[in-house]
Amino acid sequence: MEKQSLNNNVSEADLTQVFASLEELNKKLNQTAIDIFTNETQRKLLSKPSHFTFSIVHRAIELNRGFKTLSDSNNWITAINLLRLQADNCMRLFALSLVQDRLDFYERIQNGEHIRNIKDAEGNKMTDLYLFQKLDNLYPGFRLLYENTSGFIHFSNEHIKFNTDRIDDGNEFMMRIRLAETTEFSISKKVDYAFNMFIVSEELFKLLNGYKLSMIELMKQFD
């Protein structure tokens with residue numbers, strides 16, 4: 001969600017297509033989790049780090065479904081909060097790939113320890129700042145998406161903008177404030193928000209597929 005002009009050459013058909021792609025991505029996320037599960041259980045194993053991964057996939061799919069449900073009810077102000085939560089999923093799954101001991105990582109998270117207090121294999125604490133900066137190297141634009149959507153989670157000037165219409169032509173200033181009224185977003189904004197939800201979910205899928213490939217190699221030792 002970069003600070004750039006929106007594409008105004010979009011329509012409801014484009015929004016429908018984005019949501020269709022998001023639904024297909026949910027199926028791919030689910031199937032990849034099943035593949036990881038099958039790869040282990042056919043050897044009568046189930047690793048704890050994979051349990052961590054399955055939990056993230058479950059949350060990711062539900063976030064995508066929730067985003068669609070909220071958008072269908074025209075509650076975009078709530079829906080766009082889920083963008084930031086999906087970015088959070090990416091950072092948590094990415095953190096698993098950075099540690100030296102995945103089992104220790106799982107146990108510490110399971111016991112309630114915050115990821116920000118856990119160090120990666122290079123000795124760096126995995127704060128949100130550290131994780132989204134490293135992810136931005138992998139997926140350019142991730143940092144901007146994270147920072148921009150953080151303004152949706154915490155009350156900020158973004159919410160004031162949603163609540164207010166301003167007209168200032170240099171000679172006259174007028175402000176219209178909404179009270180208990182649905183905010184109407186342009187189709188350009190709707191497509192932009194939905195497309196960014198797809199992009200961040202796709203990045204999560206890529207991370208998940210990387211974990212799947214690493215576990216395929218690891219499980220070969222149990223053949």
# chains A, B, ... in the order shown; residues from 1 in each chain; ligands from 1

$ residues_around --residues "Ala194 of chain A" --least-positions-apart "4" --cutoff "8 Å" --atoms "only C-alpha atoms" --output "PDB file with N, CA, C and O atoms, in the first residue's frame"
ATOM      1  N   LEU A  15     -12.798  -5.790  -8.474  1.00  0.00           N
ATOM      2  CA  LEU A  15     -12.897  -6.156  -7.063  1.00  0.00           C
ATOM      3  C   LEU A  15     -13.337  -7.610  -6.918  1.00  0.00           C
ATOM      4  O   LEU A  15     -12.783  -8.362  -6.100  1.00  0.00           O
ATOM      5  N   VAL A  18     -10.365  -9.842  -7.626  1.00  0.00           N
ATOM      6  CA  VAL A  18      -9.397  -9.880  -6.524  1.00  0.00           C
ATOM      7  C   VAL A  18      -9.883 -10.826  -5.435  1.00  0.00           C
ATOM      8  O   VAL A  18      -9.115 -11.644  -4.913  1.00  0.00           O
ATOM      9  N   PHE A  19     -11.166 -10.754  -5.114  1.00  0.00           N
ATOM     10  CA  PHE A  19     -11.696 -11.635  -4.071  1.00  0.00           C
ATOM     11  C   PHE A  19     -11.707 -13.096  -4.523  1.00  0.00           C
ATOM     12  O   PHE A  19     -11.505 -14.005  -3.707  1.00  0.00           O
ATOM     13  N   LYS A 190     -11.344   0.526  -2.605  1.00  0.00           N
ATOM     14  CA  LYS A 190     -11.738  -0.843  -2.284  1.00  0.00           C
ATOM     15  C   LYS A 190     -10.831  -1.853  -2.979  1.00  0.00           C
ATOM     16  O   LYS A 190     -10.370  -2.821  -2.365  1.00  0.00           O
ATOM     17  N   PHE A 198      -4.561  -9.406  -0.728  1.00  0.00           N
ATOM     18  CA  PHE A 198      -4.110 -10.537  -1.536  1.00  0.00           C
ATOM     19  C   PHE A 198      -2.586 -10.613  -1.565  1.00  0.00           C
ATOM     20  O   PHE A 198      -2.004 -11.692  -1.399  1.00  0.00           O
TER      21      PHE A 198
END

$ residues_around --residues "Met91 of chain A" --least-positions-apart "3" --cutoff "8 Å" --atoms "only C-alpha atoms" --output "PyMOL selection string"
chain A and resi 87-88+94-95+128+131-132+135

$ closest_residue --among "A:His114, A:Lys212, A:Lys68, A:Arg59" --to "Asp35 of chain A" --atoms "only C-alpha atoms"
A:Lys212

$ residues_around --residues "Arg43 of chain A" --least-positions-apart "4" --cutoff "8 Å" --atoms "only C-alpha atoms" --output "JSON, numbers by chain"
{"A": [39, 222, 223]}

$ closest_residue --among "A:Cys90, A:Leu204, A:Met215, A:Ile153" --to "Ile77 of chain A" --atoms "only C-alpha atoms"
A:Ile153

$ residues_around --residues "Leu98 of chain A" --least-positions-apart "2" --cutoff "12 Å" --atoms "only C-alpha atoms" --output "PyMOL selection string"
chain A and resi 91-96+100-102+105+115+118-126+130-131+134-135+207+211

$ select_by_dssp --residues "segment 11-203 of chain A" --states "strand (DSSP E or B)" --output "list in words"
Lys119, Lys125, Thr164, Asp165, Arg166, Ile167, Asp168, Phe173, Met174, Met175, Arg176 and Ile177 of chain A

$ write_last_selection --atoms "N, CA and C atoms" --output "mmCIF file, in the first residue's frame"
data_model
loop_
_atom_site.group_PDB
_atom_site.id
_atom_site.type_symbol
_atom_site.label_atom_id
_atom_site.label_comp_id
_atom_site.auth_asym_id
_atom_site.auth_seq_id
_atom_site.Cartn_x
_atom_site.Cartn_y
_atom_site.Cartn_z
ATOM 1 N N LYS A 119 15.834 -14.240 20.294
ATOM 2 C CA LYS A 119 16.879 -13.865 19.354
ATOM 3 C C LYS A 119 16.928 -14.832 18.170
ATOM 4 N N LYS A 125 17.462 -9.610 18.550
ATOM 5 C CA LYS A 125 16.105 -9.754 19.047
ATOM 6 C C LYS A 125 15.122 -9.513 17.905
ATOM 7 N N THR A 164 -14.170 12.376 8.096
ATOM 8 C CA THR A 164 -14.308 13.778 7.724
ATOM 9 C C THR A 164 -14.163 14.003 6.222
ATOM 10 N N ASP A 165 -15.060 14.813 5.683
ATOM 11 C CA ASP A 165 -14.926 15.308 4.313
ATOM 12 C C ASP A 165 -14.500 16.770 4.395
ATOM 13 N N ARG A 166 -13.453 17.128 3.673
ATOM 14 C CA ARG A 166 -12.955 18.507 3.692
ATOM 15 C C ARG A 166 -13.011 19.092 2.296
ATOM 16 N N ILE A 167 -13.502 20.295 2.213
ATOM 17 C CA ILE A 167 -13.497 21.033 0.954
ATOM 18 C C ILE A 167 -12.816 22.366 1.208
ATOM 19 N N ASP A 168 -11.720 22.590 0.523
ATOM 20 C CA ASP A 168 -10.958 23.829 0.713
ATOM 21 C C ASP A 168 -10.508 24.302 -0.655
ATOM 22 N N PHE A 173 -13.745 27.138 3.248
ATOM 23 C CA PHE A 173 -13.407 25.854 3.863
ATOM 24 C C PHE A 173 -14.670 25.247 4.452
ATOM 25 N N MET A 174 -14.927 23.979 4.153
ATOM 26 C CA MET A 174 -16.094 23.314 4.699
ATOM 27 C C MET A 174 -15.690 21.917 5.165
ATOM 28 N N MET A 175 -16.236 21.510 6.285
ATOM 29 C CA MET A 175 -15.950 20.189 6.821
ATOM 30 C C MET A 175 -17.265 19.480 7.118
ATOM 31 N N ARG A 176 -17.355 18.215 6.692
ATOM 32 C CA ARG A 176 -18.533 17.399 6.977
ATOM 33 C C ARG A 176 -18.099 16.223 7.830
ATOM 34 N N ILE A 177 -18.722 16.075 8.991
ATOM 35 C CA ILE A 177 -18.356 15.023 9.930
ATOM 36 C C ILE A 177 -19.458 13.971 9.971
#

$ residues_around --residues "Leu83 of chain A" --least-positions-apart "3" --cutoff "9 Å" --atoms "only C-alpha atoms" --output "ChimeraX atom specification"
/A:63-64,67,79-80,86-88,145-146,149-150,152,193-194,196-197,200-201

$ write_last_selection --atoms "all heavy atoms" --output "short mmCIF file (atom, residue, chain, number, x, y, z; two decimals), in the first residue's frame"
data_model
loop_
_atom_site.label_atom_id
_atom_site.label_comp_id
_atom_site.auth_asym_id
_atom_site.auth_seq_id
_atom_site.Cartn_x
_atom_site.Cartn_y
_atom_site.Cartn_z
N LEU A 63 -8.67 -14.72 8.61
CA LEU A 63 -8.55 -13.28 8.37
C LEU A 63 -9.04 -12.94 6.97
O LEU A 63 -9.75 -11.94 6.77
CB LEU A 63 -7.10 -12.83 8.55
CG LEU A 63 -6.58 -12.74 9.98
CD1 LEU A 63 -5.09 -12.39 9.98
CD2 LEU A 63 -7.35 -11.72 10.81
N ASN A 64 -8.67 -13.74 5.99
CA ASN A 64 -9.12 -13.50 4.62
C ASN A 64 -10.63 -13.64 4.49
O ASN A 64 -11.29 -12.85 3.81
CB ASN A 64 -8.42 -14.45 3.65
CG ASN A 64 -6.98 -14.05 3.38
OD1 ASN A 64 -6.62 -12.88 3.51
ND2 ASN A 64 -6.15 -15.01 2.99
N PHE A 67 -12.17 -10.60 6.14
CA PHE A 67 -12.01 -9.43 5.29
C PHE A 67 -13.12 -9.38 4.24
O PHE A 67 -13.74 -8.33 4.00
CB PHE A 67 -10.64 -9.47 4.61
CG PHE A 67 -10.31 -8.26 3.80
CD1 PHE A 67 -9.71 -7.15 4.39
CD2 PHE A 67 -10.58 -8.21 2.44
CE1 PHE A 67 -9.40 -6.02 3.64
CE2 PHE A 67 -10.28 -7.09 1.68
CZ PHE A 67 -9.69 -5.99 2.29
N ALA A 79 -12.60 -3.89 8.07
CA ALA A 79 -11.93 -4.86 7.20
C ALA A 79 -10.45 -4.55 7.03
O ALA A 79 -9.60 -5.45 7.08
CB ALA A 79 -12.62 -4.92 5.84
N ILE A 80 -10.13 -3.28 6.83
CA ILE A 80 -8.74 -2.94 6.52
C ILE A 80 -7.81 -3.13 7.71
O ILE A 80 -6.59 -3.21 7.53
CB ILE A 80 -8.62 -1.51 5.95
CG1 ILE A 80 -9.19 -0.48 6.91
CG2 ILE A 80 -9.29 -1.43 4.59
CD1 ILE A 80 -9.14 0.94 6.39
N GLN A 86 -2.63 -9.64 8.98
CA GLN A 86 -2.05 -10.59 8.04
C GLN A 86 -0.55 -10.35 7.88
O GLN A 86 0.23 -11.30 7.72
CB GLN A 86 -2.76 -10.51 6.69
CG GLN A 86 -2.59 -11.70 5.79
CD GLN A 86 -3.29 -12.94 6.31
OE1 GLN A 86 -2.91 -13.49 7.35
NE2 GLN A 86 -4.30 -13.40 5.59
N ALA A 87 -0.16 -9.08 7.92
CA ALA A 87 1.28 -8.77 7.90
C ALA A 87 1.96 -9.35 9.14
O ALA A 87 3.09 -9.83 9.07
CB ALA A 87 1.48 -7.25 7.83
N ASP A 88 1.27 -9.32 10.25
CA ASP A 88 1.77 -9.91 11.49
C ASP A 88 2.01 -11.41 11.31
O ASP A 88 3.01 -11.95 11.78
CB ASP A 88 0.78 -9.65 12.62
CG ASP A 88 1.21 -10.26 13.94
OD1 ASP A 88 2.08 -9.67 14.61
OD2 ASP A 88 0.68 -11.33 14.31
N LEU A 145 3.80 -1.35 3.62
CA LEU A 145 2.50 -1.91 3.92
C LEU A 145 2.30 -2.03 5.42
O LEU A 145 1.25 -1.68 5.95
CB LEU A 145 2.33 -3.27 3.25
CG LEU A 145 0.95 -3.90 3.37
CD1 LEU A 145 0.57 -4.62 2.07
CD2 LEU A 145 0.87 -4.87 4.54
N TYR A 146 3.33 -2.52 6.12
CA TYR A 146 3.25 -2.67 7.57
C TYR A 146 3.03 -1.32 8.24
O TYR A 146 2.16 -1.16 9.10
CB TYR A 146 4.53 -3.31 8.10
CG TYR A 146 4.58 -3.40 9.61
CD1 TYR A 146 4.06 -4.50 10.28
CD2 TYR A 146 5.14 -2.37 10.36
CE1 TYR A 146 4.10 -4.57 11.67
CE2 TYR A 146 5.17 -2.43 11.75
CZ TYR A 146 4.65 -3.53 12.39
OH TYR A 146 4.67 -3.58 13.76
N THR A 149 -0.47 0.28 7.37
CA THR A 149 -1.62 -0.39 7.97
C THR A 149 -1.59 -0.33 9.50
O THR A 149 -2.62 -0.55 10.13
CB THR A 149 -1.70 -1.86 7.53
OG1 THR A 149 -0.46 -2.53 7.82
CG2 THR A 149 -1.98 -1.96 6.04
N SER A 150 -0.44 -0.02 10.08
CA SER A 150 -0.40 0.17 11.53
C SER A 150 -1.27 1.36 11.93
O SER A 150 -1.78 1.42 13.05
CB SER A 150 1.04 0.39 12.00
OG SER A 150 1.80 -0.80 11.88
N PHE A 152 -4.12 1.90 10.87
CA PHE A 152 -5.50 1.43 10.98
C PHE A 152 -5.75 0.78 12.34
O PHE A 152 -6.84 0.88 12.90
CB PHE A 152 -5.81 0.40 9.89
CG PHE A 152 -5.63 0.91 8.49
CD1 PHE A 152 -5.25 0.07 7.47
CD2 PHE A 152 -5.85 2.25 8.18
CE1 PHE A 152 -5.10 0.52 6.17
CE2 PHE A 152 -5.71 2.72 6.88
CZ PHE A 152 -5.32 1.86 5.87
N TYR A 193 -7.31 -1.78 -1.31
CA TYR A 193 -7.27 -2.50 -0.04
C TYR A 193 -7.33 -4.01 -0.26
O TYR A 193 -6.57 -4.78 0.33
CB TYR A 193 -8.43 -2.08 0.85
CG TYR A 193 -8.36 -0.65 1.36
CD1 TYR A 193 -9.50 0.14 1.45
CD2 TYR A 193 -7.15 -0.09 1.78
CE1 TYR A 193 -9.45 1.44 1.92
CE2 TYR A 193 -7.08 1.21 2.25
CZ TYR A 193 -8.24 1.97 2.32
OH TYR A 193 -8.17 3.26 2.79
N ALA A 194 -8.26 -4.45 -1.12
CA ALA A 194 -8.41 -5.88 -1.37
C ALA A 194 -7.17 -6.47 -2.03
O ALA A 194 -6.73 -7.57 -1.68
CB ALA A 194 -9.65 -6.13 -2.23
N ASN A 196 -4.10 -5.37 -1.76
CA ASN A 196 -3.04 -5.45 -0.77
C ASN A 196 -3.23 -6.62 0.19
O ASN A 196 -2.26 -7.23 0.64
CB ASN A 196 -2.92 -4.13 -0.01
CG ASN A 196 -2.06 -3.13 -0.75
OD1 ASN A 196 -0.84 -3.19 -0.73
ND2 ASN A 196 -2.70 -2.19 -1.44
N MET A 197 -4.49 -6.95 0.49
CA MET A 197 -4.76 -8.13 1.31
C MET A 197 -4.32 -9.39 0.57
O MET A 197 -3.75 -10.31 1.16
CB MET A 197 -6.25 -8.21 1.66
CG MET A 197 -6.59 -9.26 2.70
SD MET A 197 -5.80 -8.90 4.29
CE MET A 197 -6.62 -10.08 5.37
N VAL A 200 -0.27 -9.45 0.58
CA VAL A 200 0.36 -9.86 1.84
C VAL A 200 0.05 -11.33 2.13
O VAL A 200 0.89 -12.06 2.68
CB VAL A 200 -0.06 -8.94 3.00
CG1 VAL A 200 -1.49 -9.17 3.42
CG2 VAL A 200 0.87 -9.12 4.20
N SER A 201 -1.12 -11.82 1.73
CA SER A 201 -1.45 -13.23 1.89
C SER A 201 -0.61 -14.10 0.97
O SER A 201 -0.23 -15.22 1.33
CB SER A 201 -2.95 -13.46 1.63
OG SER A 201 -3.75 -12.72 2.53
#

$ atom_distance --atom1 "atom CA of Glu147 of chain A" --atom2 "atom CA of Asn89 of chain A"
14.8 Å

$ select_by_dssp --residues "segment 10-132 of chain A" --states "alpha helix (DSSP H)" --output "ChimeraX atom specification"
/A:12-41,48-72,76-79,81-98,102-110,128-132

$ atom_distance --atom1 "atom CA of Leu129 of chain A" --atom2 "atom CA of Asn111 of chain A"
23.0 Å

$ atom_distance --atom1 "atom CA of Ser55 of chain A" --atom2 "atom CA of Asn74 of chain A"
28.5 Å

$ residues_around --residues "Glu107 of chain A" --least-positions-apart "6" --cutoff "9 Å" --atoms "only C-alpha atoms" --output "PyMOL selection string"
chain A and resi 48-49+113

$ write_last_selection --atoms "N, CA and C atoms" --output "CSV table (one decimal), in the first residue's frame"
chain,number,residue,atom,x,y,z
A,48,LYS,N,6.5,-30.1,16.3
A,48,LYS,CA,5.9,-29.0,17.0
A,48,LYS,C,6.0,-27.7,16.2
A,49,PRO,N,7.2,-27.4,15.5
A,49,PRO,CA,7.2,-26.2,14.7
A,49,PRO,C,6.1,-26.2,13.6
A,113,GLU,N,6.0,-16.6,25.8
A,113,GLU,CA,7.0,-15.7,25.6
A,113,GLU,C,6.8,-14.9,24.3

$ closest_residue --among "A:Leu45, A:Ile199, A:Leu70, A:Ala60" --to "Pro140 of chain A" --atoms "only C-alpha atoms"
A:Ile199

$ residues_around --residues "Ser47 of chain A" --least-positions-apart "3" --cutoff "12 Å" --atoms "only C-alpha atoms" --output "VMD selection string"
chain A and resid 36 to 41 43 to 44 50 to 54 102 to 104 106 to 107 215 218 to 219

$ decode --residues "segment 25-37 of chain A" --atoms "all heavy atoms" --output "PDB file, in the first residue's frame"
ATOM      1  N   LEU A  25      -6.317 -18.452  -3.157  1.00  0.00           N
ATOM      2  CA  LEU A  25      -5.124 -18.439  -2.318  1.00  0.00           C
ATOM      3  C   LEU A  25      -5.399 -19.124  -0.987  1.00  0.00           C
ATOM      4  O   LEU A  25      -4.533 -19.837  -0.461  1.00  0.00           O
ATOM      5  CB  LEU A  25      -4.655 -16.995  -2.090  1.00  0.00           C
ATOM      6  CG  LEU A  25      -3.307 -16.800  -1.410  1.00  0.00           C
ATOM      7  CD1 LEU A  25      -2.197 -17.540  -2.157  1.00  0.00           C
ATOM      8  CD2 LEU A  25      -2.976 -15.314  -1.331  1.00  0.00           C
ATOM      9  N   ASN A  26      -6.585 -18.940  -0.439  1.00  0.00           N
ATOM     10  CA  ASN A  26      -6.958 -19.646   0.786  1.00  0.00           C
ATOM     11  C   ASN A  26      -6.885 -21.159   0.583  1.00  0.00           C
ATOM     12  O   ASN A  26      -6.423 -21.905   1.451  1.00  0.00           O
ATOM     13  CB  ASN A  26      -8.375 -19.263   1.216  1.00  0.00           C
ATOM     14  CG  ASN A  26      -8.402 -18.126   2.224  1.00  0.00           C
ATOM     15  OD1 ASN A  26      -7.360 -17.656   2.674  1.00  0.00           O
ATOM     16  ND2 ASN A  26      -9.593 -17.680   2.577  1.00  0.00           N
ATOM     17  N   LYS A  27      -7.339 -21.615  -0.575  1.00  0.00           N
ATOM     18  CA  LYS A  27      -7.284 -23.047  -0.876  1.00  0.00           C
ATOM     19  C   LYS A  27      -5.839 -23.530  -0.959  1.00  0.00           C
ATOM     20  O   LYS A  27      -5.510 -24.637  -0.501  1.00  0.00           O
ATOM     21  CB  LYS A  27      -8.011 -23.325  -2.191  1.00  0.00           C
ATOM     22  CG  LYS A  27      -9.514 -23.079  -2.127  1.00  0.00           C
ATOM     23  CD  LYS A  27     -10.157 -23.303  -3.488  1.00  0.00           C
ATOM     24  CE  LYS A  27     -11.654 -23.006  -3.443  1.00  0.00           C
ATOM     25  NZ  LYS A  27     -12.302 -23.162  -4.776  1.00  0.00           N
ATOM     26  N   LYS A  28      -4.973 -22.713  -1.537  1.00  0.00           N
ATOM     27  CA  LYS A  28      -3.559 -23.079  -1.655  1.00  0.00           C
ATOM     28  C   LYS A  28      -2.887 -23.107  -0.283  1.00  0.00           C
ATOM     29  O   LYS A  28      -2.053 -23.981  -0.006  1.00  0.00           O
ATOM     30  CB  LYS A  28      -2.843 -22.096  -2.582  1.00  0.00           C
ATOM     31  CG  LYS A  28      -3.253 -22.226  -4.043  1.00  0.00           C
ATOM     32  CD  LYS A  28      -2.781 -21.068  -4.894  1.00  0.00           C
ATOM     33  CE  LYS A  28      -1.297 -20.988  -5.032  1.00  0.00           C
ATOM     34  NZ  LYS A  28      -0.860 -19.899  -5.951  1.00  0.00           N
ATOM     35  N   LEU A  29      -3.235 -22.150   0.570  1.00  0.00           N
ATOM     36  CA  LEU A  29      -2.693 -22.143   1.939  1.00  0.00           C
ATOM     37  C   LEU A  29      -3.114 -23.419   2.667  1.00  0.00           C
ATOM     38  O   LEU A  29      -2.292 -24.072   3.324  1.00  0.00           O
ATOM     39  CB  LEU A  29      -3.197 -20.916   2.700  1.00  0.00           C
ATOM     40  CG  LEU A  29      -2.557 -19.572   2.361  1.00  0.00           C
ATOM     41  CD1 LEU A  29      -3.391 -18.421   2.918  1.00  0.00           C
ATOM     42  CD2 LEU A  29      -1.132 -19.493   2.902  1.00  0.00           C
ATOM     43  N   ASN A  30      -4.377 -23.759   2.543  1.00  0.00           N
ATOM     44  CA  ASN A  30      -4.898 -24.950   3.212  1.00  0.00           C
ATOM     45  C   ASN A  30      -4.245 -26.216   2.674  1.00  0.00           C
ATOM     46  O   ASN A  30      -3.843 -27.108   3.446  1.00  0.00           O
ATOM     47  CB  ASN A  30      -6.410 -25.019   3.025  1.00  0.00           C
ATOM     48  CG  ASN A  30      -7.042 -26.141   3.829  1.00  0.00           C
ATOM     49  OD1 ASN A  30      -7.017 -26.133   5.058  1.00  0.00           O
ATOM     50  ND2 ASN A  30      -7.615 -27.113   3.138  1.00  0.00           N
ATOM     51  N   GLN A  31      -4.105 -26.306   1.345  1.00  0.00           N
ATOM     52  CA  GLN A  31      -3.514 -27.497   0.744  1.00  0.00           C
ATOM     53  C   GLN A  31      -2.048 -27.649   1.132  1.00  0.00           C
ATOM     54  O   GLN A  31      -1.572 -28.770   1.367  1.00  0.00           O
ATOM     55  CB  GLN A  31      -3.651 -27.450  -0.773  1.00  0.00           C
ATOM     56  CG  GLN A  31      -3.156 -28.701  -1.472  1.00  0.00           C
ATOM     57  CD  GLN A  31      -3.858 -29.961  -0.994  1.00  0.00           C
ATOM     58  OE1 GLN A  31      -5.082 -30.034  -1.025  1.00  0.00           O
ATOM     59  NE2 GLN A  31      -3.091 -30.962  -0.554  1.00  0.00           N
ATOM     60  N   THR A  32      -1.326 -26.546   1.204  1.00  0.00           N
ATOM     61  CA  THR A  32       0.085 -26.611   1.588  1.00  0.00           C
ATOM     62  C   THR A  32       0.231 -27.096   3.020  1.00  0.00           C
ATOM     63  O   THR A  32       1.129 -27.894   3.331  1.00  0.00           O
ATOM     64  CB  THR A  32       0.756 -25.239   1.423  1.00  0.00           C
ATOM     65  OG1 THR A  32       0.588 -24.797   0.074  1.00  0.00           O
ATOM     66  CG2 THR A  32       2.254 -25.309   1.735  1.00  0.00           C
ATOM     67  N   ALA A  33      -0.657 -26.646   3.896  1.00  0.00           N
ATOM     68  CA  ALA A  33      -0.642 -27.129   5.279  1.00  0.00           C
ATOM     69  C   ALA A  33      -0.934 -28.629   5.320  1.00  0.00           C
ATOM     70  O   ALA A  33      -0.299 -29.379   6.078  1.00  0.00           O
ATOM     71  CB  ALA A  33      -1.656 -26.361   6.118  1.00  0.00           C
ATOM     72  N   ILE A  34      -1.874 -29.066   4.497  1.00  0.00           N
ATOM     73  CA  ILE A  34      -2.184 -30.499   4.420  1.00  0.00           C
ATOM     74  C   ILE A  34      -0.970 -31.273   3.917  1.00  0.00           C
ATOM     75  O   ILE A  34      -0.650 -32.367   4.424  1.00  0.00           O
ATOM     76  CB  ILE A  34      -3.392 -30.741   3.491  1.00  0.00           C
ATOM     77  CG1 ILE A  34      -4.668 -30.197   4.138  1.00  0.00           C
ATOM     78  CG2 ILE A  34      -3.554 -32.228   3.177  1.00  0.00           C
ATOM     79  CD1 ILE A  34      -5.883 -30.233   3.236  1.00  0.00           C
ATOM     80  N   ASP A  35      -0.268 -30.731   2.932  1.00  0.00           N
ATOM     81  CA  ASP A  35       0.930 -31.386   2.396  1.00  0.00           C
ATOM     82  C   ASP A  35       1.996 -31.546   3.480  1.00  0.00           C
ATOM     83  O   ASP A  35       2.649 -32.594   3.583  1.00  0.00           O
ATOM     84  CB  ASP A  35       1.511 -30.572   1.243  1.00  0.00           C
ATOM     85  CG  ASP A  35       0.621 -30.572   0.012  1.00  0.00           C
ATOM     86  OD1 ASP A  35      -0.288 -31.426  -0.067  1.00  0.00           O
ATOM     87  OD2 ASP A  35       0.825 -29.714  -0.861  1.00  0.00           O
ATOM     88  N   ILE A  36       2.190 -30.506   4.286  1.00  0.00           N
ATOM     89  CA  ILE A  36       3.170 -30.560   5.380  1.00  0.00           C
ATOM     90  C   ILE A  36       2.748 -31.622   6.387  1.00  0.00           C
ATOM     91  O   ILE A  36       3.566 -32.438   6.833  1.00  0.00           O
ATOM     92  CB  ILE A  36       3.301 -29.187   6.067  1.00  0.00           C
ATOM     93  CG1 ILE A  36       3.881 -28.153   5.098  1.00  0.00           C
ATOM     94  CG2 ILE A  36       4.168 -29.288   7.320  1.00  0.00           C
ATOM     95  CD1 ILE A  36       3.782 -26.722   5.585  1.00  0.00           C
ATOM     96  N   PHE A  37       1.471 -31.617   6.736  1.00  0.00           N
ATOM     97  CA  PHE A  37       0.923 -32.582   7.695  1.00  0.00           C
ATOM     98  C   PHE A  37       1.105 -34.010   7.179  1.00  0.00           C
ATOM     99  O   PHE A  37       1.558 -34.897   7.910  1.00  0.00           O
ATOM    100  CB  PHE A  37      -0.558 -32.273   7.929  1.00  0.00           C
ATOM    101  CG  PHE A  37      -1.233 -33.203   8.897  1.00  0.00           C
ATOM    102  CD1 PHE A  37      -1.130 -32.997  10.262  1.00  0.00           C
ATOM    103  CD2 PHE A  37      -1.980 -34.285   8.428  1.00  0.00           C
ATOM    104  CE1 PHE A  37      -1.768 -33.849  11.162  1.00  0.00           C
ATOM    105  CE2 PHE A  37      -2.609 -35.145   9.321  1.00  0.00           C
ATOM    106  CZ  PHE A  37      -2.507 -34.927  10.691  1.00  0.00           C
TER     107      PHE A  37
END
